[in-house]
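Pasted below: upload-v3.cif, mmCIF, C-alpha atoms.
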```
data_model
#
loop_
_atom_site.label_atom_id
_atom_site.label_comp_id
_atom_site.auth_asym_id
_atom_site.auth_seq_id
_atom_site.Cartn_x
_atom_site.Cartn_y
_atom_site.Cartn_z
CA MET A 166 -8.29 9.01 -5.06
CA ILE A 167 -6.28 7.61 -2.16
CA THR A 168 -9.07 8.51 0.24
CA ALA A 169 -11.66 7.02 -2.10
CA ALA A 170 -9.76 3.74 -2.18
CA LEU A 171 -9.59 3.59 1.60
CA VAL A 172 -13.25 4.46 2.03
CA LEU A 173 -14.25 1.73 -0.39
CA SER A 174 -12.02 -0.69 1.42
CA GLY A 175 -13.42 0.21 4.79
CA CYS A 176 -16.87 -0.83 3.63
CA SER A 177 -15.60 -4.28 2.78
CA SER A 178 -16.49 -7.42 4.65
CA SER A 179 -15.40 -11.02 4.45
CA GLU A 180 -17.20 -11.29 1.11
CA SER A 181 -15.40 -8.41 -0.54
CA GLY A 182 -11.92 -8.32 -2.01
CA ASP A 183 -11.83 -4.59 -2.54
CA ALA A 184 -10.58 -3.48 0.84
CA VAL A 185 -7.06 -2.61 1.79
CA SER A 186 -4.81 -4.47 4.14
CA SER A 187 -2.78 -2.86 6.81
CA ASP A 188 -0.21 -3.09 9.56
CA THR A 189 -0.89 -3.47 13.26
CA SER A 190 0.71 -1.51 16.04
CA THR A 191 3.33 -4.20 16.06
CA SER A 192 3.46 -4.39 12.32
CA GLU A 193 3.80 -0.65 11.99
CA THR A 194 7.31 -0.87 13.30
CA THR A 195 8.08 -3.38 10.59
CA ALA A 196 6.20 -2.05 7.58
CA SER A 197 6.16 1.67 8.14
CA GLU A 198 9.73 1.97 9.28
CA SER A 199 11.15 0.19 6.26
CA SER A 200 12.67 3.16 4.49
CA ALA A 201 13.61 1.48 1.24
CA SER A 202 11.97 -0.88 -1.17
CA SER A 203 13.24 -4.43 -1.23
CA SER A 204 13.71 -3.89 -4.93
CA SER A 205 17.29 -3.08 -4.07
CA ALA A 206 18.48 -5.77 -6.38
CA ALA A 207 21.69 -6.07 -4.44
CA ALA A 208 20.20 -8.65 -2.12
CA ALA A 209 20.08 -12.05 -3.77
CA THR A 210 17.31 -13.13 -1.39
CA PRO A 211 15.05 -10.24 -0.33
CA THR A 212 14.06 -10.35 3.31
CA LEU A 213 11.81 -8.67 5.84
CA ARG A 214 13.33 -6.39 8.48
CA ASP A 215 13.80 -9.34 10.83
CA GLY A 216 15.75 -11.25 8.17
CA THR A 217 12.92 -13.61 7.20
CA PRO A 218 13.11 -14.32 3.44
CA PHE A 219 10.23 -13.25 1.21
CA ILE A 220 7.92 -16.19 0.55
CA GLY A 221 5.80 -14.80 -2.28
CA GLU A 222 6.17 -14.82 -6.04
CA ARG A 223 6.52 -11.66 -8.11
CA THR A 224 3.31 -10.49 -9.70
CA THR A 225 2.59 -7.62 -12.07
CA ILE A 226 0.32 -4.85 -10.83
CA GLU A 227 -2.39 -3.57 -13.17
CA THR A 228 -1.75 0.14 -13.79
CA GLY A 229 -4.58 1.12 -16.13
CA ASP A 230 -4.76 2.14 -19.79
CA ASP A 231 -2.24 4.99 -19.77
CA PRO A 232 0.71 3.87 -21.94
CA GLU A 233 3.07 6.15 -20.00
CA ALA A 234 2.10 4.72 -16.62
CA PRO A 235 4.90 2.83 -14.87
CA SER A 236 5.15 -0.94 -14.90
CA ILE A 237 4.97 -2.19 -11.31
CA SER A 238 5.53 -5.55 -9.65
CA VAL A 239 5.55 -6.80 -6.06
CA SER A 240 6.17 -10.02 -4.16
CA LEU A 241 2.72 -11.48 -3.47
CA PRO A 242 2.50 -13.78 -0.42
CA PRO A 243 1.06 -17.27 -1.11
CA SER A 244 -2.19 -16.58 0.75
CA TRP A 245 -2.92 -13.42 -1.27
CA THR A 246 -4.54 -13.05 -4.70
CA HIS A 247 -5.51 -10.31 -7.13
CA GLY A 248 -9.03 -9.06 -6.40
CA GLU A 249 -11.74 -9.74 -8.98
CA ASN A 250 -14.07 -6.83 -8.23
CA ILE A 251 -11.92 -3.75 -8.60
CA PRO A 252 -13.64 -0.55 -7.41
CA ALA A 253 -13.82 2.46 -9.70
CA GLY A 254 -10.72 4.63 -9.50
CA VAL A 255 -8.53 1.76 -8.32
CA THR A 256 -6.15 0.12 -10.77
CA ASP A 257 -5.58 -3.12 -8.87
CA ALA A 258 -6.47 -4.83 -5.59
CA LEU A 259 -4.69 -7.57 -3.66
CA SER A 260 -6.63 -9.63 -1.14
CA SER A 261 -5.73 -11.95 1.70
CA ASN A 262 -7.65 -15.22 1.85
CA SER A 263 -7.73 -15.12 5.67
CA GLN A 264 -10.69 -13.44 7.34
CA GLU A 265 -9.99 -11.58 10.58
CA PRO A 266 -12.10 -12.07 13.74
CA SER A 267 -13.77 -8.73 12.93
CA GLY A 268 -14.99 -10.14 9.61
CA PHE A 269 -12.63 -7.85 7.70
CA MET A 270 -10.45 -9.25 4.91
CA PRO A 271 -6.97 -7.66 4.83
CA ASN A 272 -6.41 -6.12 1.42
CA THR A 273 -4.27 -3.74 -0.56
CA THR A 274 -5.62 -1.34 -3.15
CA VAL A 275 -3.33 0.23 -5.73
CA THR A 276 -3.93 3.50 -7.55
CA VAL A 277 -1.84 5.01 -10.35
CA GLU A 278 -2.70 8.57 -11.37
CA ASN A 279 -1.10 10.95 -13.87
CA GLN A 280 -0.38 14.24 -12.07
CA GLY A 281 0.59 16.20 -15.17
CA THR A 282 2.97 19.09 -14.52
CA ALA A 283 2.88 18.86 -10.72
CA THR A 284 6.24 18.36 -9.04
CA LYS A 285 7.06 15.31 -6.96
CA ASP A 286 7.04 17.36 -3.76
CA GLU A 287 3.62 18.81 -4.61
CA VAL A 288 2.18 15.37 -5.39
CA LEU A 289 3.43 13.83 -2.16
CA ALA A 290 2.33 16.77 -0.01
CA ALA A 291 -1.17 16.68 -1.51
CA ALA A 292 -1.40 12.92 -0.97
CA ARG A 293 -0.53 13.25 2.72
CA GLU A 294 -3.10 16.03 3.13
CA THR A 295 -5.75 13.87 1.46
CA ILE A 296 -5.11 10.94 3.75
CA ALA A 297 -5.51 13.25 6.74
CA THR A 298 -9.14 13.91 5.73
CA LEU A 299 -10.22 10.34 6.53
CA ASP A 300 -12.81 10.10 9.30
CA GLY A 301 -11.08 9.91 12.65
CA TRP A 302 -7.63 9.72 11.07
CA THR A 303 -4.79 9.56 13.62
CA GLU A 304 -1.29 9.53 12.17
CA VAL A 305 1.08 7.12 13.91
CA LYS A 306 4.28 7.33 11.88
CA TYR A 307 5.57 9.12 8.77
CA THR A 308 8.78 8.12 7.00
CA GLU A 309 10.29 9.49 3.81
CA ILE A 310 11.51 6.63 1.64
CA ASP A 311 13.17 5.78 -1.66
CA VAL A 312 11.27 3.13 -3.61
CA ASP A 313 13.33 1.69 -6.43
CA GLY A 314 14.95 5.06 -7.05
CA GLN A 315 11.71 7.06 -6.76
CA GLN A 316 10.76 9.58 -4.06
CA GLY A 317 7.98 8.62 -1.68
CA PHE A 318 6.77 8.15 1.88
CA ARG A 319 5.30 5.45 4.10
CA LEU A 320 2.57 6.56 6.46
CA SER A 321 0.71 4.60 9.11
CA GLY A 322 -2.28 5.44 11.24
CA THR A 323 -5.81 4.52 12.26
CA TRP A 324 -9.18 5.70 11.03
CA THR A 325 -12.90 5.02 11.41
CA ALA A 326 -14.40 3.22 8.41
CA PRO A 327 -18.11 3.06 7.50
CA ASN A 328 -19.98 -0.08 8.55
CA LEU A 329 -17.22 -1.35 10.82
CA ASP A 330 -17.35 -1.26 14.60
CA VAL A 331 -13.58 -1.56 15.00
CA PRO A 332 -10.87 0.90 13.95
CA LEU A 333 -8.80 0.18 10.87
CA TYR A 334 -5.02 0.37 10.95
CA ALA A 335 -3.68 1.67 7.64
CA VAL A 336 -0.22 1.64 6.11
CA MET A 337 0.19 3.75 2.98
CA THR A 338 3.15 3.51 0.64
CA VAL A 339 2.96 6.53 -1.66
CA VAL A 340 5.40 7.22 -4.50
CA ALA A 341 5.83 10.12 -6.91
CA TYR A 342 7.05 8.24 -9.98
CA GLN A 343 8.72 10.06 -12.88
CA ALA A 344 10.48 8.18 -15.67
CA ASP A 345 12.61 11.20 -16.64
CA ASP A 346 12.61 15.00 -16.46
CA ASN A 347 10.40 15.25 -19.56
CA SER A 348 7.77 12.80 -18.32
CA PRO A 349 4.73 13.49 -16.13
CA VAL A 350 4.73 12.58 -12.45
CA TYR A 351 2.50 9.67 -11.46
CA LEU A 352 1.04 9.25 -8.00
CA VAL A 353 1.43 5.56 -7.13
CA SER A 354 -0.21 4.46 -3.89
CA PHE A 355 -0.43 1.13 -2.10
CA ALA A 356 -3.17 1.42 0.53
CA ASN A 357 -3.01 -1.38 3.08
CA GLN A 358 -5.16 -1.98 6.12
CA PHE A 359 -6.49 -4.56 8.54
CA THR A 360 -8.05 -4.67 12.00
CA ASP A 361 -6.21 -7.40 13.93
CA THR A 362 -3.22 -5.65 15.47
CA THR A 363 -1.85 -8.84 17.01
CA ASN A 364 -1.52 -10.99 13.89
CA MET A 365 2.16 -11.00 12.96
CA GLN A 366 1.57 -13.23 9.96
CA THR A 367 -0.60 -10.56 8.36
CA SER A 368 1.92 -7.92 9.40
CA ASN A 369 4.71 -9.77 7.62
CA GLN A 370 2.59 -10.26 4.51
CA VAL A 371 1.83 -6.55 4.34
CA GLU A 372 5.48 -5.69 4.91
CA GLU A 373 6.48 -8.02 2.07
CA ILE A 374 4.10 -6.32 -0.37
CA ASN A 375 5.12 -2.81 0.69
CA THR A 376 8.87 -3.35 0.65
CA SER A 377 9.04 -5.34 -2.58
CA ILE A 378 7.71 -2.65 -4.98
CA GLU A 379 9.69 -2.47 -8.20
CA PHE A 380 9.25 -0.27 -11.27
CA GLY A 381 10.08 -1.18 -14.84
#
```
structure tokens encoding of this file:
Amino acid sequence: MITAALVLSGCSSSESGDAVSSDTSTSETTASESSASSSSAAAATPTLRDGTPFIGERTTIETGDDPEAPSISVSLPPSWTHGENIPAGVTDALSSNSQEPSGFMPNTTVTVENQGTATKDEVLAAARETIATLDGWTEVKYTEIDVDGQQGFRLSGTWTAPNLDVPLYAVMTVVAYQADDNSPVYLVSFANQFTDTTNMQTSNQVEEINTSIEFG
């Protein structure tokens, strides 16, 4: 499902809100290296790695019809909105309103999938293997993270998307969510990508979304 979300996003153009947004080579050091979610409620004013305060407002992520699925929220930057045309298999999509020179619209797709009796380690390992099957995928950085008390990883890299003549830089935040020992594990993924690796504003926006994930 993660791969499907990225493939759909890679086909997007300036007229589509179903793509995923991503970090640049510069942004990768900000977004992908953040090893913990900003949901650490200890900080009165959540900030980016460079100390810049979050500028977005918290928004609830659509997680589908499963009553056991986790409730999720993030800080959504002012220039981003929820997508209207959500592709099949994706529970929610967030879209930037700023088109890149390539014609690509930075976006984030979110998927929430019940993994049944699989363990957290199994879910995360399978997710990383799936991402590696993307056309031309080159992994740049992998970091194990804790997201609001849940086990996960942040992975960045580049891949070749259909109908685009420029590579896409992707940042994936993937979490194995489990409410308690008697509950199923859910694969929660935030797939982010964009093409302009020099735009620090987009980088910061993606970092804000990725590091502000909260459950419950």
Would you translate the PyMOL selection byres ((chain A and resi 241) around 10) into the concrete set of residues it matches in this file, as a list in words? Phe219, Ile220, Gly221, Glu222, Arg223, Thr224, Thr225, Ser238, Val239, Ser240, Pro242, Pro243, Ser244, Trp245, Thr246, His247, Leu259, Ser260, Ser261, Gln370, Val371, Glu373, Ile374, Asn375 and Ser377 of chain A
Selection under test: the PyMOL selection byres ((chain A and resi 235) around 9); residues as a ChimeraX atom specification: /A:228,231-234,236-237,277,342-344,351,353,380-381
Here is a test: counting all atoms listed in the file, which residue of A:Thr282, A:Ala258, A:Pro218, A:Thr274 is nearest to Phe355 in chain A?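 Of the candidates, the smallest distance to Phe355 in chain A is held by A:Thr274.
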Selection: 12 Å around Ser267 in chain A, all atoms listed in the file, excl. self and same-chain fewer than 4 positions, as a VMD selection string: chain A and resid 177 to 179 263 271 328 to 333 359 to 362
Take the residues from that selection and put them in a file with C-alpha atoms, as a PDB file, in the coordinates of the input.
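Once everything was written out, this is selection.pdb:
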```pdb
ATOM      1  CA  SER A 177     -15.600  -4.280   2.780  1.00  0.00           C
ATOM      2  CA  SER A 178     -16.490  -7.420   4.650  1.00  0.00           C
ATOM      3  CA  SER A 179     -15.400 -11.020   4.450  1.00  0.00           C
ATOM      4  CA  SER A 263      -7.730 -15.120   5.670  1.00  0.00           C
ATOM      5  CA  PRO A 271      -6.970  -7.660   4.830  1.00  0.00           C
ATOM      6  CA  ASN A 328     -19.980  -0.080   8.550  1.00  0.00           C
ATOM      7  CA  LEU A 329     -17.220  -1.350  10.820  1.00  0.00           C
ATOM      8  CA  ASP A 330     -17.350  -1.260  14.600  1.00  0.00           C
ATOM      9  CA  VAL A 331     -13.580  -1.560  15.000  1.00  0.00           C
ATOM     10  CA  PRO A 332     -10.870   0.900  13.950  1.00  0.00           C
ATOM     11  CA  LEU A 333      -8.800   0.180  10.870  1.00  0.00           C
ATOM     12  CA  PHE A 359      -6.490  -4.560   8.540  1.00  0.00           C
ATOM     13  CA  THR A 360      -8.050  -4.670  12.000  1.00  0.00           C
ATOM     14  CA  ASP A 361      -6.210  -7.400  13.930  1.00  0.00           C
ATOM     15  CA  THR A 362      -3.220  -5.650  15.470  1.00  0.00           C
TER      16      THR A 362
END
```
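A straight line drawn from CA of Val305 in chain A to CA of Ser321 in chain A is 5.4 Å long.
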Selection dump of the PyMOL selection byres ((chain A and resi 279) around 7), as a PyMOL selection string: chain A and resi 277-278+280-281+349-352
Go through A:Thr256, A:Thr284, A:Asn357, A:Asn272 one by one, measure the shortest atom-to-atom distance of each to Asp230 in chain A using all atoms listed in the file, and give the residue with the smallest value.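 So, comparing all the options, the nearest one is A:Thr256.
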Quick one: of A:Thr276, A:Thr367, A:Thr323, A:Gln315, who's nearest to Thr298 in chain A, counting all atoms listed in the file?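 Closest candidate: A:Thr323.
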Quick one: pull the distance between CA of Pro252 in chain A and CA of Val275 in chain A, Å, one decimal. 10.5 Å
Padding 4 Å on each side, edges along x, y and z: where is the centre of the box around the listed atoms of range 333-351 of chain A, and how long are its edges in Å to one decimal? Output it as JSON.
```
{"center_x": 1.9, "center_y": 7.7, "center_z": -4.3, "size_x": 29.4, "size_y": 23.1, "size_z": 38.5}
```
So how many Å separate CA of Ala326 in chain A and CA of Gln264 in chain A, to one decimal?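 A separation of 17.1 Å between them.
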Of the listed residues A:Pro266, A:Arg319, A:Gly229, A:Ala341, that which approaches Glu372 in chain A most closely, counting all atoms listed in the file: A:Arg319
Selected residue, from A:Asp346, A:Glu249, A:Glu227, A:Asp313, that lies nearest to Ile378 in chain A when counting only C-alpha atoms: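 Of the candidates, the smallest distance to Ile378 in chain A is held by A:Asp313.
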So, with only C-alpha atoms as the atoms that count, which of A:Lys306, A:Gly254, A:Val312, A:Leu289 lies closest to Glu379 in chain A?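 Smallest separation from Glu379 in chain A among the options: A:Val312.
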Could you add the missing atoms to range 363-377 of chain A, up to N, CA, C and O atoms, and return them as a PDB file, in the coordinates of the input?
```pdb
ATOM      1  N   THR A 363      -2.704  -7.852  16.320  1.00  0.00           N
ATOM      2  CA  THR A 363      -1.850  -8.840  17.010  1.00  0.00           C
ATOM      3  C   THR A 363      -1.376  -9.936  16.064  1.00  0.00           C
ATOM      4  O   THR A 363      -0.602 -10.800  16.461  1.00  0.00           O
ATOM      5  N   ASN A 364      -1.828  -9.911  14.830  1.00  0.00           N
ATOM      6  CA  ASN A 364      -1.520 -10.990  13.890  1.00  0.00           C
ATOM      7  C   ASN A 364      -0.219 -10.677  13.142  1.00  0.00           C
ATOM      8  O   ASN A 364      -0.207  -9.915  12.181  1.00  0.00           O
ATOM      9  N   MET A 365       0.872 -11.265  13.585  1.00  0.00           N
ATOM     10  CA  MET A 365       2.160 -11.000  12.960  1.00  0.00           C
ATOM     11  C   MET A 365       2.286 -11.600  11.576  1.00  0.00           C
ATOM     12  O   MET A 365       3.053 -11.125  10.750  1.00  0.00           O
ATOM     13  N   GLN A 366       1.524 -12.655  11.303  1.00  0.00           N
ATOM     14  CA  GLN A 366       1.570 -13.230   9.960  1.00  0.00           C
ATOM     15  C   GLN A 366       1.051 -12.221   8.944  1.00  0.00           C
ATOM     16  O   GLN A 366       1.676 -12.005   7.896  1.00  0.00           O
ATOM     17  N   THR A 367      -0.064 -11.578   9.256  1.00  0.00           N
ATOM     18  CA  THR A 367      -0.600 -10.560   8.360  1.00  0.00           C
ATOM     19  C   THR A 367       0.362  -9.379   8.261  1.00  0.00           C
ATOM     20  O   THR A 367       0.595  -8.832   7.181  1.00  0.00           O
ATOM     21  N   SER A 368       0.941  -9.009   9.389  1.00  0.00           N
ATOM     22  CA  SER A 368       1.920  -7.920   9.400  1.00  0.00           C
ATOM     23  C   SER A 368       3.069  -8.204   8.448  1.00  0.00           C
ATOM     24  O   SER A 368       3.472  -7.343   7.666  1.00  0.00           O
ATOM     25  N   ASN A 369       3.599  -9.406   8.505  1.00  0.00           N
ATOM     26  CA  ASN A 369       4.710  -9.770   7.620  1.00  0.00           C
ATOM     27  C   ASN A 369       4.295  -9.786   6.163  1.00  0.00           C
ATOM     28  O   ASN A 369       5.062  -9.401   5.276  1.00  0.00           O
ATOM     29  N   GLN A 370       3.077 -10.229   5.894  1.00  0.00           N
ATOM     30  CA  GLN A 370       2.590 -10.260   4.510  1.00  0.00           C
ATOM     31  C   GLN A 370       2.473  -8.842   3.956  1.00  0.00           C
ATOM     32  O   GLN A 370       2.859  -8.570   2.808  1.00  0.00           O
ATOM     33  N   VAL A 371       1.954  -7.938   4.768  1.00  0.00           N
ATOM     34  CA  VAL A 371       1.830  -6.550   4.340  1.00  0.00           C
ATOM     35  C   VAL A 371       3.202  -5.917   4.141  1.00  0.00           C
ATOM     36  O   VAL A 371       3.440  -5.193   3.167  1.00  0.00           O
ATOM     37  N   GLU A 372       4.127  -6.215   5.050  1.00  0.00           N
ATOM     38  CA  GLU A 372       5.480  -5.690   4.910  1.00  0.00           C
ATOM     39  C   GLU A 372       6.122  -6.193   3.611  1.00  0.00           C
ATOM     40  O   GLU A 372       6.791  -5.441   2.890  1.00  0.00           O
ATOM     41  N   GLU A 373       5.905  -7.463   3.287  1.00  0.00           N
ATOM     42  CA  GLU A 373       6.480  -8.020   2.070  1.00  0.00           C
ATOM     43  C   GLU A 373       5.975  -7.297   0.837  1.00  0.00           C
ATOM     44  O   GLU A 373       6.744  -6.951  -0.074  1.00  0.00           O
ATOM     45  N   ILE A 374       4.680  -7.043   0.779  1.00  0.00           N
ATOM     46  CA  ILE A 374       4.100  -6.320  -0.370  1.00  0.00           C
ATOM     47  C   ILE A 374       4.689  -4.908  -0.450  1.00  0.00           C
ATOM     48  O   ILE A 374       5.142  -4.470  -1.506  1.00  0.00           O
ATOM     49  N   ASN A 375       4.690  -4.216   0.679  1.00  0.00           N
ATOM     50  CA  ASN A 375       5.120  -2.810   0.690  1.00  0.00           C
ATOM     51  C   ASN A 375       6.588  -2.621   0.386  1.00  0.00           C
ATOM     52  O   ASN A 375       6.966  -1.615  -0.224  1.00  0.00           O
ATOM     53  N   THR A 376       7.425  -3.542   0.822  1.00  0.00           N
ATOM     54  CA  THR A 376       8.870  -3.350   0.650  1.00  0.00           C
ATOM     55  C   THR A 376       9.436  -4.082  -0.567  1.00  0.00           C
ATOM     56  O   THR A 376      10.647  -4.147  -0.741  1.00  0.00           O
ATOM     57  N   SER A 377       8.554  -4.622  -1.400  1.00  0.00           N
ATOM     58  CA  SER A 377       9.040  -5.340  -2.580  1.00  0.00           C
ATOM     59  C   SER A 377       8.649  -4.626  -3.886  1.00  0.00           C
ATOM     60  O   SER A 377       8.809  -5.178  -4.968  1.00  0.00           O
TER      61      SER A 377
END
```
